[in-house]
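S.K.: Before we start, here is the structure in question, set down as structure tokens.
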Amino acid sequence: WMERFIHQDFINGFLTQGFEGTEFCRKCLEYLDVKIDVKGLENLDAAIGDNTQAMNMPDNSDPVSRLAVGAVDRVRLTFASNHPLGGVDGIALLGVISERTGKPVRLLVNDFLMNIKPIASLSVPVNKMGGQSRNLPAQVRTIYESDDDILVFPAGKCSRKMNGHIQDTAWSKSFVSQSVATGRLIVPVRFFGENSKRFYRVESLREWLGIRFNIGMMLLPDELYRARHKRFRIMFGKPISPAEMDGALSPLKWAERIRDEVYRLEWGSENINE
């Protein structure tokens, strides 16, 4: 029964093909017959910058000035996204961002995606439980200090139904404080999608009963399977420089503001699976 519930044969049928990294992300979407539409690429391109122009700028030009003239010499990026699905959203974002930037992006993750071995080279487990928790702050800081672009889901878990809407819980401030400290631009990202009604009913019941065990994560393989043949949408917002965030507002307030900015990104009125 459990093998059928988690669709073991279907999932293993793809995993055994041996794809890894960004190629795995692209092939996984093909296997699931998932289509992705993207808007706001001009914002992503502004964050990436034009390396050709950047080569002609003085070496001491600050990153914010280089961004303003569209000539950022590979300023490091932190992509901050909502997390509505817990599976396909992470896989799709890794693929889309890597394809556009021309380099792999690292995913800070502590949920279902942490267990997908073919993207282990892209994933940075930040599970606060277990033996690695003692070294977690140092590990996270090392990633932010690296040259890699980073994708984060600041809620730390996939979205829940709250006040009649599917939305993230409160966002952690860590991605703001770490990005400011290491001079990273933050790119707000919205992923448009929802899990099944059953997922939200189970999660609501779990919270009502006060059960701490993450039952919802056990449902995510089935939610991945249910995403087959669907179309999802990704929208990139305008990048935010570290200079903008190093001011009067606290990192927590900036996290709240960026979360709000993500949910203000509107695609339009079209049917998402037309």
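Chain labels follow the order of the structure tokens: the first chain is A, the next B, and so on; residue numbering restarts at 1 in every chain, and ligands are counted from 1 in their shown order.
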What are the nearest atom pairs, with distances in Å to one decimal, for all residues of segment 195-245 of chain A that come at most 10 Å from segment 39-49 of chain A, using only C-alpha atoms, set out by chain and rising residue number as a Markdown table?

M.R.:
| residue | atom | partner | partner_atom | distance |
| --- | --- | --- | --- | --- |
| A:Arg233 | CA | A:Lys39 | CA | 7.9 |
| A:Ile234 | CA | A:Lys39 | CA | 6.4 |
| A:Met235 | CA | A:Lys39 | CA | 4.7 |
| A:Phe236 | CA | A:Gly40 | CA | 4.6 |
| A:Gly237 | CA | A:Asn43 | CA | 6.1 |
| A:Lys238 | CA | A:Asn43 | CA | 5.1 |
| A:Pro239 | CA | A:Ala47 | CA | 6.1 |
| A:Ile240 | CA | A:Ala47 | CA | 8.9 |
| A:Ser241 | CA | A:Ala47 | CA | 9.4 |

S.K.: Return as a PyMOL selection string the full set of residues in segment 59-270 of chain A whose backbone-based DSSP assignment is strand (DSSP E or B).

M.R.: chain A and resi 77-81+105-109+123-125+149-152+160-162+165-167+185-192+231-236+240

S.K.: Quick one: distance from atom CA of Phe213 of chain A to atom CA of Lys157 of chain A in Å, one decimal?

M.R.: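 Interatomic distance, atom CA of Phe213 of chain A to atom CA of Lys157 of chain A: 13.1 Å.
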
S.K.: Rank nothing, just name the residue among A:Leu32, A:Leu77, A:Ile211, A:Ala248 nearest to Ala92 of chain A, using only C-alpha atoms.

M.R.: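 So, comparing all the options, the nearest one is A:Leu32.
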
S.K.: Once you count only C-alpha atoms, what closest atom pair and distance in Å to one decimal does each residue of segment 150-201 of chain A within 9 Å of segment 221-228 of chain A have, with rows by chain and rising residue number, as a Markdown table?

M.R.:
| residue | atom | partner | partner_atom | distance |
| --- | --- | --- | --- | --- |
| A:Asn195 | CA | A:Glu223 | CA | 6.4 |
| A:Ser196 | CA | A:Glu223 | CA | 7.0 |
| A:Phe199 | CA | A:Glu223 | CA | 8.1 |

S.K.: Name the closest residue to His83 of chain A among the candidates A:Thr169, A:Gln17, A:Ser123, A:Asn135; distances are taken between atoms, counting only C-alpha atoms.

M.R.: A:Thr169

S.K.: Find the nearest atom pair between each residue of segment 81-143 of chain A and segment 183-191 of chain A for residues within 7 Å, count only C-alpha atoms, give distances in Å to one decimal, sort rows by chain and ascending number, and present the table as a tab-separated table.

M.R.:
residue	atom	partner	partner_atom	distance
A:Ser81	CA	A:Val189	CA	4.6
A:Asn82	CA	A:Arg190	CA	5.8
A:Asp89	CA	A:Phe191	CA	6.7

S.K.: Restricted to C-alpha atoms, what would the selected residues look like written as a PDB file, in the first residue's frame?

M.R.:
ATOM      1  CA  SER A  81      10.586  32.460  -3.247  1.00  0.00           C
ATOM      2  CA  ASN A  82       7.304  31.310  -1.834  1.00  0.00           C
ATOM      3  CA  ASP A  89       8.402  24.351  -7.419  1.00  0.00           C
TER       4      ASP A  89
END

S.K.: Please, what distance in Å, to one decimal, runs between atom CA of Leu29 of chain A and atom CA of Ala120 of chain A?

M.R.: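 Interatomic distance here is 17.3 Å.
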
S.K.: My list of candidates is A:Ser159, A:Ser174, A:Thr182, A:Thr78. Which is closest to Val126 of chain A when distances are computed with only C-alpha atoms?

M.R.: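 So, comparing all the options, the nearest one is A:Ser174.
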